[in-house]
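Source file: input.csv. Holds: CSV, C-alpha atoms.
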chain,number,residue,atom,x,y,z
A,1,MET,CA,109.5,115.7,64.2
A,2,ILE,CA,110.9,113.2,66.7
A,3,PRO,CA,109.8,109.7,65.7
A,4,ALA,CA,108.1,107.4,68.2
A,5,THR,CA,111.1,105.0,68.7
A,6,LEU,CA,113.2,108.0,69.7
A,7,TRP,CA,110.6,109.2,72.2
A,8,THR,CA,110.5,105.7,73.5
A,9,ALA,CA,114.2,105.7,74.0
A,10,ILE,CA,114.0,109.0,75.8
A,11,VAL,CA,111.2,107.7,78.1
A,12,THR,CA,113.3,104.5,78.7
A,13,LEU,CA,116.3,106.5,79.8
A,14,ALA,CA,114.2,108.6,82.1
A,15,ILE,CA,112.7,105.4,83.7
A,16,GLY,CA,116.1,103.9,84.1
A,17,LEU,CA,117.4,107.1,85.7
A,18,PHE,CA,114.5,107.2,88.1
A,19,TYR,CA,115.0,103.5,89.0
A,20,PHE,CA,118.7,104.2,89.5
A,21,TYR,CA,117.7,106.9,92.0
A,22,THR,CA,115.4,104.5,94.0
A,23,GLY,CA,118.3,102.1,94.3
A,24,PHE,CA,120.8,104.8,95.2
A,25,ARG,CA,118.4,105.9,98.0
A,26,VAL,CA,118.3,102.4,99.4
A,27,GLY,CA,122.1,102.3,99.5
A,28,ASN,CA,122.2,105.7,101.3
A,29,LEU,CA,119.5,104.6,103.9
A,30,ARG,CA,121.4,101.3,104.4
A,31,ALA,CA,124.5,103.3,105.4
A,32,ARG,CA,122.5,105.9,107.5
A,33,HIS,CA,120.6,103.3,109.5
A,34,ASP,CA,123.6,101.0,109.6
A,35,ILE,CA,121.8,98.0,108.2
A,36,LYS,CA,124.4,95.3,107.4
A,37,ALA,CA,124.1,93.3,104.2
A,38,PRO,CA,122.6,90.8,103.4
A,39,ALA,CA,119.7,92.1,105.6
A,40,THR,CA,117.0,93.9,103.6
A,41,SER,CA,115.0,95.1,106.6
A,42,GLY,CA,115.8,96.8,109.9
A,43,HIS,CA,114.4,100.4,109.9
A,44,PRO,CA,110.9,101.5,108.7
A,45,GLU,CA,112.4,104.2,106.4
A,46,PHE,CA,114.8,101.7,104.8
A,47,ASP,CA,112.1,99.1,104.5
A,48,ARG,CA,109.9,101.5,102.6
A,49,ALA,CA,112.7,102.6,100.3
A,50,TYR,CA,113.6,99.0,99.5
A,51,ARG,CA,110.0,98.2,98.7
A,52,VAL,CA,109.8,101.3,96.4
A,53,GLN,CA,112.9,100.1,94.6
A,54,LEU,CA,111.8,96.5,94.2
A,55,ASN,CA,108.2,97.4,93.3
A,56,THR,CA,109.6,99.8,90.6
A,57,LEU,CA,111.7,96.9,89.2
A,58,GLU,CA,108.6,94.6,89.3
A,59,GLN,CA,106.5,97.2,87.4
A,60,MET,CA,109.3,97.9,84.9
A,61,GLY,CA,109.2,94.1,84.1
A,62,ILE,CA,105.6,94.7,82.9
A,63,PHE,CA,105.9,98.1,81.4
A,64,LEU,CA,109.2,98.1,79.4
A,65,PRO,CA,108.4,95.1,77.3
A,66,PHE,CA,104.9,96.5,76.5
A,67,LEU,CA,106.6,99.9,75.7
A,68,TRP,CA,109.1,98.5,73.2
A,69,VAL,CA,106.6,96.1,71.5
A,70,ALA,CA,104.4,99.2,71.0
A,71,ALA,CA,107.4,101.1,69.7
A,72,PHE,CA,108.3,98.3,67.1
A,73,TYR,CA,104.6,97.8,66.1
A,74,PRO,CA,103.1,101.3,66.4
A,75,ILE,CA,99.4,102.1,65.9
A,76,GLY,CA,98.2,105.2,64.0
A,77,TRP,CA,99.3,107.6,66.8
A,78,PRO,CA,102.8,106.4,67.5
A,79,TRP,CA,103.5,109.1,70.0
A,80,LEU,CA,100.7,107.7,72.3
A,81,ALA,CA,102.8,104.8,73.8
A,82,PRO,CA,105.8,107.0,74.9
A,83,LEU,CA,103.3,109.6,76.2
A,84,ILE,CA,101.8,106.9,78.4
A,85,GLY,CA,105.3,106.0,79.4
A,86,GLY,CA,105.7,109.5,80.7
A,87,ILE,CA,102.4,109.3,82.6
A,88,TRP,CA,103.5,105.9,84.1
A,89,LEU,CA,106.8,107.5,85.2
A,90,ILE,CA,104.8,110.4,86.9
A,91,GLY,CA,102.7,107.6,88.6
A,92,ARG,CA,105.9,106.0,89.9
A,93,ILE,CA,107.1,109.3,91.4
A,94,ILE,CA,103.7,109.7,93.1
A,95,TYR,CA,103.9,106.1,94.3
A,96,MET,CA,107.4,106.7,95.8
A,97,ARG,CA,106.4,110.0,97.5
A,98,GLY,CA,103.3,108.5,98.9
A,99,TYR,CA,105.0,105.3,100.1
A,100,MET,CA,107.9,107.1,101.7
A,101,ALA,CA,105.4,109.3,103.6
A,102,ASP,CA,103.1,106.4,104.7
A,103,PRO,CA,102.8,103.0,103.1
A,104,SER,CA,99.0,103.4,103.0
A,105,LYS,CA,99.4,106.4,100.7
A,106,ARG,CA,101.0,104.3,98.0
A,107,LEU,CA,97.7,103.2,96.4
A,108,ALA,CA,97.0,106.3,94.2
A,109,GLY,CA,100.4,105.9,92.4
A,110,ALA,CA,100.1,102.2,92.3
A,111,MET,CA,96.7,102.4,90.6
A,112,MET,CA,98.0,105.0,88.1
A,113,CYS,CA,100.8,102.7,87.1
A,114,GLY,CA,98.6,99.6,86.9
A,115,LEU,CA,96.0,101.4,84.8
A,116,THR,CA,98.6,102.9,82.4
A,117,SER,CA,100.2,99.4,82.1
A,118,ILE,CA,96.8,98.0,81.0
A,119,ILE,CA,96.3,100.8,78.5
A,120,LEU,CA,99.8,100.3,77.1
A,121,PHE,CA,99.1,96.5,76.8
A,122,VAL,CA,96.0,97.3,74.7
A,123,ILE,CA,98.0,99.8,72.5
A,124,ALA,CA,100.8,97.2,72.0
A,125,ALA,CA,98.3,94.5,71.3
A,126,CYS,CA,96.5,96.7,68.7
A,127,GLY,CA,99.9,97.4,67.1
A,128,VAL,CA,100.6,93.7,66.8
A,129,VAL,CA,97.2,92.9,65.4
A,130,LYS,CA,97.6,95.8,62.9
A,131,ALA,CA,100.9,94.3,61.8
A,132,CYS,CA,99.4,90.9,61.4
A,133,LEU,CA,96.5,92.3,59.3
A,134,ALA,CA,99.0,94.3,57.2
A,135,LEU,CA,100.7,90.9,56.3
A,136,ARG,CA,97.5,89.4,55.1
A,137,VAL,CA,96.7,92.4,52.8
A,138,MET,CA,100.1,92.3,51.2
B,1,MET,CA,103.1,84.2,57.1
B,2,ILE,CA,103.8,86.0,60.4
B,3,PRO,CA,107.5,86.8,60.7
B,4,ALA,CA,109.5,85.7,63.7
B,5,THR,CA,109.9,89.2,65.3
B,6,LEU,CA,106.1,89.5,65.3
B,7,TRP,CA,105.7,86.1,66.9
B,8,THR,CA,108.3,87.3,69.5
B,9,ALA,CA,106.3,90.4,70.2
B,10,ILE,CA,103.1,88.3,70.7
B,11,VAL,CA,104.9,86.0,73.1
B,12,THR,CA,106.4,89.0,74.9
B,13,LEU,CA,102.9,90.5,75.4
B,14,ALA,CA,101.6,87.1,76.7
B,15,ILE,CA,104.5,86.8,79.1
B,16,GLY,CA,103.9,90.4,80.3
B,17,LEU,CA,100.2,89.8,80.8
B,18,PHE,CA,100.9,86.6,82.8
B,19,TYR,CA,103.4,88.5,85.0
B,20,PHE,CA,100.9,91.3,85.5
B,21,TYR,CA,98.4,88.6,86.7
B,22,THR,CA,101.0,87.2,89.2
B,23,GLY,CA,101.5,90.7,90.6
B,24,PHE,CA,97.7,91.4,90.7
B,25,ARG,CA,97.2,88.2,92.7
B,26,VAL,CA,99.8,89.3,95.3
B,27,GLY,CA,97.9,92.6,95.7
B,28,ASN,CA,94.6,90.8,96.1
B,29,LEU,CA,96.0,88.4,98.7
B,30,ARG,CA,97.7,91.3,100.5
B,31,ALA,CA,94.2,92.8,101.0
B,32,ARG,CA,92.5,89.5,101.8
B,33,HIS,CA,95.0,88.5,104.5
B,34,ASP,CA,95.4,92.1,105.7
B,35,ILE,CA,99.2,92.2,105.3
B,36,LYS,CA,100.3,95.8,105.7
B,37,ALA,CA,103.0,97.2,103.4
B,38,PRO,CA,106.0,97.2,103.5
B,39,ALA,CA,105.8,93.6,104.8
B,40,THR,CA,106.2,90.9,102.1
B,41,SER,CA,105.4,88.0,104.3
B,42,GLY,CA,102.6,87.1,106.8
B,43,HIS,CA,100.4,84.4,105.5
B,44,PRO,CA,101.4,81.1,103.7
B,45,GLU,CA,99.2,81.8,100.7
B,46,PHE,CA,100.5,85.3,100.3
B,47,ASP,CA,104.1,84.2,100.7
B,48,ARG,CA,103.7,81.6,98.0
B,49,ALA,CA,102.1,84.1,95.6
B,50,TYR,CA,104.8,86.7,96.3
B,51,ARG,CA,107.5,84.1,95.5
B,52,VAL,CA,105.7,83.1,92.3
B,53,GLN,CA,105.7,86.8,91.2
B,54,LEU,CA,109.3,87.5,92.1
B,55,ASN,CA,110.5,84.2,90.6
B,56,THR,CA,108.6,85.0,87.4
B,57,LEU,CA,110.4,88.4,87.3
B,58,GLU,CA,113.8,86.7,88.0
B,59,GLN,CA,113.3,84.2,85.2
B,60,MET,CA,112.0,87.0,82.8
B,61,GLY,CA,115.4,88.7,83.4
B,62,ILE,CA,117.0,85.6,81.9
B,63,PHE,CA,114.5,84.8,79.3
B,64,LEU,CA,113.4,88.0,77.6
B,65,PRO,CA,117.0,89.2,76.7
B,66,PHE,CA,117.7,85.7,75.2
B,67,LEU,CA,114.3,85.9,73.3
B,68,TRP,CA,115.0,89.3,71.7
B,69,VAL,CA,118.6,88.5,70.8
B,70,ALA,CA,117.2,85.4,69.1
B,71,ALA,CA,114.6,87.6,67.3
B,72,PHE,CA,117.2,90.1,66.1
B,73,TYR,CA,119.7,87.4,65.1
B,74,PRO,CA,117.5,84.5,63.9
B,75,ILE,CA,118.8,81.0,62.9
B,76,GLY,CA,117.4,79.1,60.0
B,77,TRP,CA,114.1,78.3,61.7
B,78,PRO,CA,113.2,81.8,63.1
B,79,TRP,CA,109.9,80.5,64.5
B,80,LEU,CA,111.8,78.2,66.9
B,81,ALA,CA,112.7,81.0,69.5
B,82,PRO,CA,109.1,82.3,69.9
B,83,LEU,CA,107.8,78.7,70.0
B,84,ILE,CA,110.2,78.0,72.9
B,85,GLY,CA,108.9,81.3,74.4
B,86,GLY,CA,105.4,79.8,74.4
B,87,ILE,CA,106.6,76.5,76.0
B,88,TRP,CA,108.5,78.6,78.7
B,89,LEU,CA,105.2,80.4,79.4
B,90,ILE,CA,103.4,77.1,79.9
B,91,GLY,CA,106.2,76.1,82.2
B,92,ARG,CA,105.6,79.3,84.2
B,93,ILE,CA,101.9,78.5,84.5
B,94,ILE,CA,102.7,74.9,85.7
B,95,TYR,CA,105.2,76.4,88.2
B,96,MET,CA,102.6,78.8,89.5
B,97,ARG,CA,99.9,76.2,89.9
B,98,GLY,CA,102.3,73.7,91.5
B,99,TYR,CA,103.7,76.3,93.9
B,100,MET,CA,100.3,77.7,95.0
B,101,ALA,CA,99.2,74.1,95.7
B,102,ASP,CA,102.4,73.2,97.6
B,103,PRO,CA,105.9,74.7,97.4
B,104,SER,CA,107.4,71.2,96.9
B,105,LYS,CA,105.4,70.9,93.7
B,106,ARG,CA,107.1,73.8,92.0
B,107,LEU,CA,110.0,71.8,90.7
B,108,ALA,CA,108.5,70.4,87.5
B,109,GLY,CA,107.6,73.9,86.2
B,110,ALA,CA,110.9,75.4,87.4
B,111,MET,CA,112.9,72.7,85.6
B,112,MET,CA,110.8,73.2,82.4
B,113,CYS,CA,111.6,76.9,82.5
B,114,GLY,CA,115.3,76.4,83.3
B,115,LEU,CA,115.7,73.9,80.4
B,116,THR,CA,113.8,76.1,77.9
B,117,SER,CA,116.0,79.1,79.0
B,118,ILE,CA,119.2,77.0,78.3
B,119,ILE,CA,117.8,75.9,74.9
B,120,LEU,CA,116.9,79.5,74.0
B,121,PHE,CA,120.4,80.6,75.0
B,122,VAL,CA,121.9,78.1,72.6
B,123,ILE,CA,119.6,79.2,69.8
B,124,ALA,CA,120.4,82.9,70.4
B,125,ALA,CA,124.1,82.1,70.6
B,126,CYS,CA,123.9,80.2,67.3
B,127,GLY,CA,122.1,83.2,65.7
B,128,VAL,CA,124.8,85.5,66.9
B,129,VAL,CA,127.6,83.2,65.6
B,130,LYS,CA,125.7,82.9,62.3
B,131,ALA,CA,125.6,86.7,62.0
B,132,CYS,CA,129.3,87.0,62.8
B,133,LEU,CA,130.2,84.4,60.1
B,134,ALA,CA,127.9,86.2,57.6
B,135,LEU,CA,130.1,89.3,58.2
B,136,ARG,CA,133.3,87.5,57.4
B,137,VAL,CA,131.9,86.1,54.1
B,138,MET,CA,130.7,89.5,52.8
C,1,MET,CA,134.2,94.2,61.5
C,2,ILE,CA,131.5,93.2,64.0
C,3,PRO,CA,128.9,96.0,64.2
C,4,ALA,CA,127.9,97.5,67.6
C,5,THR,CA,124.4,95.9,67.8
C,6,LEU,CA,126.0,92.4,67.4
C,7,TRP,CA,128.6,93.2,70.1
C,8,THR,CA,125.6,94.4,72.3
C,9,ALA,CA,123.8,91.1,71.6
C,10,ILE,CA,127.0,89.1,72.6
C,11,VAL,CA,127.3,91.1,75.8
C,12,THR,CA,123.6,90.7,76.6
C,13,LEU,CA,123.9,86.9,76.2
C,14,ALA,CA,127.0,86.9,78.5
C,15,ILE,CA,125.1,89.0,81.1
C,16,GLY,CA,122.1,86.6,80.9
C,17,LEU,CA,124.3,83.6,81.3
C,18,PHE,CA,126.0,85.1,84.3
C,19,TYR,CA,122.7,85.9,85.9
C,20,PHE,CA,121.5,82.4,85.1
C,21,TYR,CA,124.5,81.1,87.1
C,22,THR,CA,123.7,83.3,90.1
C,23,GLY,CA,120.1,81.9,90.2
C,24,PHE,CA,121.4,78.3,89.7
C,25,ARG,CA,123.7,78.8,92.7
C,26,VAL,CA,120.8,80.0,94.8
C,27,GLY,CA,118.9,76.8,93.9
C,28,ASN,CA,121.9,74.6,94.8
C,29,LEU,CA,122.4,76.3,98.1
C,30,ARG,CA,118.7,76.0,98.9
C,31,ALA,CA,119.0,72.3,98.5
C,32,ARG,CA,122.3,72.0,100.3
C,33,HIS,CA,121.2,73.9,103.4
C,34,ASP,CA,117.7,72.5,103.2
C,35,ILE,CA,115.9,75.8,103.1
C,36,LYS,CA,112.3,75.1,102.2
C,37,ALA,CA,110.4,77.4,99.8
C,38,PRO,CA,108.9,80.0,100.1
C,39,ALA,CA,111.6,81.0,102.6
C,40,THR,CA,114.3,83.2,101.1
C,41,SER,CA,116.6,83.2,104.2
C,42,GLY,CA,117.9,80.6,106.6
C,43,HIS,CA,121.7,80.2,106.2
C,44,PRO,CA,124.3,83.0,105.8
C,45,GLU,CA,125.8,81.5,102.6
C,46,PHE,CA,122.3,81.1,101.0
C,47,ASP,CA,121.3,84.6,102.1
C,48,ARG,CA,124.4,86.1,100.4
C,49,ALA,CA,123.8,84.1,97.2
C,50,TYR,CA,120.2,85.2,97.1
C,51,ARG,CA,121.1,88.9,97.5
C,52,VAL,CA,123.8,88.5,94.8
C,53,GLN,CA,121.1,87.1,92.5
C,54,LEU,CA,118.5,89.7,93.3
C,55,ASN,CA,121.0,92.6,93.2
C,56,THR,CA,122.2,91.4,89.8
C,57,LEU,CA,118.6,91.5,88.5
C,58,GLU,CA,118.1,95.0,90.1
C,59,GLN,CA,121.2,96.3,88.3
C,60,MET,CA,120.3,94.6,85.0
C,61,GLY,CA,117.0,96.6,85.2
C,62,ILE,CA,119.1,99.7,85.0
C,63,PHE,CA,121.9,98.5,82.7
C,64,LEU,CA,120.2,96.5,79.9
C,65,PRO,CA,117.7,99.3,78.9
C,66,PHE,CA,120.7,101.8,78.8
C,67,LEU,CA,122.7,99.3,76.8
C,68,TRP,CA,120.1,98.8,74.1
C,69,VAL,CA,119.1,102.4,73.8
C,70,ALA,CA,122.9,103.1,73.2
C,71,ALA,CA,122.9,100.2,70.6
C,72,PHE,CA,119.9,101.7,68.7
C,73,TYR,CA,121.2,105.3,68.9
C,74,PRO,CA,125.0,104.9,68.8
C,75,ILE,CA,127.5,107.7,69.2
C,76,GLY,CA,130.6,108.1,67.1
C,77,TRP,CA,132.4,105.2,68.8
C,78,PRO,CA,129.6,102.6,68.6
C,79,TRP,CA,131.8,99.9,70.2
C,80,LEU,CA,132.1,101.9,73.4
C,81,ALA,CA,128.7,100.9,74.9
C,82,PRO,CA,129.2,97.1,74.5
C,83,LEU,CA,132.8,97.5,75.8
C,84,ILE,CA,131.3,99.2,79.0
C,85,GLY,CA,128.9,96.3,79.1
C,86,GLY,CA,131.8,94.0,79.4
C,87,ILE,CA,133.4,96.1,82.1
C,88,TRP,CA,130.1,96.1,84.0
C,89,LEU,CA,129.9,92.3,83.8
C,90,ILE,CA,133.4,92.0,85.2
C,91,GLY,CA,132.2,94.4,88.0
C,92,ARG,CA,129.3,92.0,88.7
C,93,ILE,CA,131.7,89.1,89.0
C,94,ILE,CA,133.9,91.0,91.4
C,95,TYR,CA,130.8,92.0,93.4
C,96,MET,CA,129.7,88.3,93.5
C,97,ARG,CA,133.1,87.0,94.6
C,98,GLY,CA,133.4,89.8,97.2
C,99,TYR,CA,129.9,89.4,98.6
C,100,MET,CA,130.2,85.6,98.9
C,101,ALA,CA,133.5,85.9,100.8
C,102,ASP,CA,132.1,88.7,103.1
C,103,PRO,CA,129.2,91.1,102.6
C,104,SER,CA,131.5,94.1,103.5
C,105,LYS,CA,133.7,93.2,100.5
C,106,ARG,CA,130.8,93.8,98.0
C,107,LEU,CA,131.4,97.6,97.7
C,108,ALA,CA,134.3,97.6,95.1
C,109,GLY,CA,132.2,95.6,92.6
C,110,ALA,CA,129.0,97.6,93.5
C,111,MET,CA,130.8,100.9,92.8
C,112,MET,CA,132.3,99.6,89.6
C,113,CYS,CA,128.8,98.7,88.4
C,114,GLY,CA,127.2,101.9,89.5
C,115,LEU,CA,129.9,104.0,87.8
C,116,THR,CA,129.7,102.1,84.5
C,117,SER,CA,125.9,102.4,84.6
C,118,ILE,CA,126.2,106.2,84.9
C,119,ILE,CA,128.8,106.3,82.1
C,120,LEU,CA,126.5,104.2,79.9
C,121,PHE,CA,123.5,106.5,80.7
C,122,VAL,CA,125.6,109.4,79.5
C,123,ILE,CA,126.6,107.6,76.3
C,124,ALA,CA,123.0,106.5,75.6
C,125,ALA,CA,121.8,110.1,76.3
C,126,CYS,CA,124.4,111.5,73.9
C,127,GLY,CA,123.2,109.0,71.2
C,128,VAL,CA,119.6,110.1,71.7
C,129,VAL,CA,120.5,113.8,71.5
C,130,LYS,CA,122.7,113.1,68.4
C,131,ALA,CA,119.7,111.4,66.8
C,132,CYS,CA,117.4,114.3,67.7
C,133,LEU,CA,119.9,116.8,66.2
C,134,ALA,CA,120.2,114.7,63.0
C,135,LEU,CA,116.4,115.1,62.6
C,136,ARG,CA,116.6,118.8,62.7
C,137,VAL,CA,119.4,119.0,60.1
C,138,MET,CA,117.5,116.8,57.6

File written out as structure tokens:
Amino acid sequence: MIPATLWTAIVTLAIGLFYFYTGFRVGNLRARHDIKAPATSGHPEFDRAYRVQLNTLEQMGIFLPFLWVAAFYPIGWPWLAPLIGGIWLIGRIIYMRGYMADPSKRLAGAMMCGLTSIILFVIAACGVVKACLALRVM
Amino acid sequence: MIPATLWTAIVTLAIGLFYFYTGFRVGNLRARHDIKAPATSGHPEFDRAYRVQLNTLEQMGIFLPFLWVAAFYPIGWPWLAPLIGGIWLIGRIIYMRGYMADPSKRLAGAMMCGLTSIILFVIAACGVVKACLALRVM
Amino acid sequence: MIPATLWTAIVTLAIGLFYFYTGFRVGNLRARHDIKAPATSGHPEFDRAYRVQLNTLEQMGIFLPFLWVAAFYPIGWPWLAPLIGGIWLIGRIIYMRGYMADPSKRLAGAMMCGLTSIILFVIAACGVVKACLALRVM
């Protein structure tokens, strides 16, 4: 059986790889539409790709700390946090596909990510409370 | 007694939750002022909220790595690093409140965060040096 | 001998310090060119410095998770991941110096960072696979 921290590491690598892809796409579109640095705007397709990349980073800033706190202080079902990590990543892919098609279609993926972030916060907070209670008992 | 890594986890969750709030606020103001994605500018209140969110992420990129290095390689007072994490978070809240009122009022909070980041770097560096010295003694 | 996690902590502190400097420079140039918040554009030198800071944060979002997964799940040469962390940091410095001189000169440093990120992903993935295989053997 693969322990929860190892699952967490696998999910983290997958998230990092996906984020690398969003950044790579921005670089490609910068070249294709001939948008000179330091501009970060200039063509609708590039603008969307750049927002997808930056929004992914913004959401990783919420999600990864919660994920690793949950990994270090697991609750009774330690596989739950990395599983939610996988669902979050699927939400990011839905967000990216929606956003690239039409910015108004980004909301389903954005809500999926926001909701999974809140659930993961609750899981991580329960793990921390459990660890605090365990200290009192000992 | 709650160990330092557990305090660090608690502070990390609090920082993540605060950052989630800054992002949530940007989404709300985007809807209220009808700023269509992918634009990240369009109304002074929205612009300020967006800068608060992004600046919080920028500062987390400095602070969280220092915080966890300090947690893994603690100095003699292991509670000092998470305590400074709490002060940093208060600094972020002061920054947000100042910035939303008037961008020129952001400096007190910004300096509080910059200063606590430098202090935390020194603490983390001392912890790492202490761990290196401990290896030589053994 | 300094273990790999300690080297990883040292590299993380160095990366954090470098990133702190990129942000500090943005603040200085904001004051020098009198660019009022919340604007993030207004003078070519400031624009370049701001992109250097944000791009560094964007790349840290890829690199640091890979670096710490590799530290927790090391391969046979555990010093390899933090060594690549050092090379990545040199790449970031080359990127910054190139970009500040002329945005078209940023590519050498950017490619060095992209390449080292991919190599580190492979190393971290190998470490994770190795840890999974070790579970099966036991």

Could you give me, as a list in words, the residues within 10 Å of C:Lys130, counting all atoms listed in the file and dropping anything in the same chain fewer than 5 positions from it?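 So the residues in contact are Tyr73, Pro74, Ile75, Gly76, Ala124, Ala125 and Leu135 of chain C.
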
Please identify all residues of chain A having at least one atom at most 7 Å from any atom of chain B, considering all atoms listed in the file, and return them as a VMD selection string. chain A and resid 47 to 48 51 58 61 to 62 65 to 66 69 103 132

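Note that the spacing between atom CA of A:Ile90 and atom CA of B:Gly27 amounts to 21.0 Å.
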
Interatomic distance between atom CA of B:Val129 and atom CA of B:Gly91?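 Distance reported for this atom pair: 28.0 Å.
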
Around (109.6, 70.5, 99.7) in the file's frame, which residues reach within 12 Å when counting only C-alpha atoms? Return as a count of residues only? 17

Nearest to B:Ala49: which of B:Leu67, B:Arg97, B:Leu83, B:Trp77 is it, counting all atoms listed in the file? B:Arg97

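Interatomic distance, atom CA of C:Gln59 to atom CA of A:Trp88: 20.6 Å.
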
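When only C-alpha atoms are used to compute distances to A:Ile119, the closest of the residues A:Met96, A:Gly85, A:Arg136, A:Leu29 turns out to be A:Gly85.
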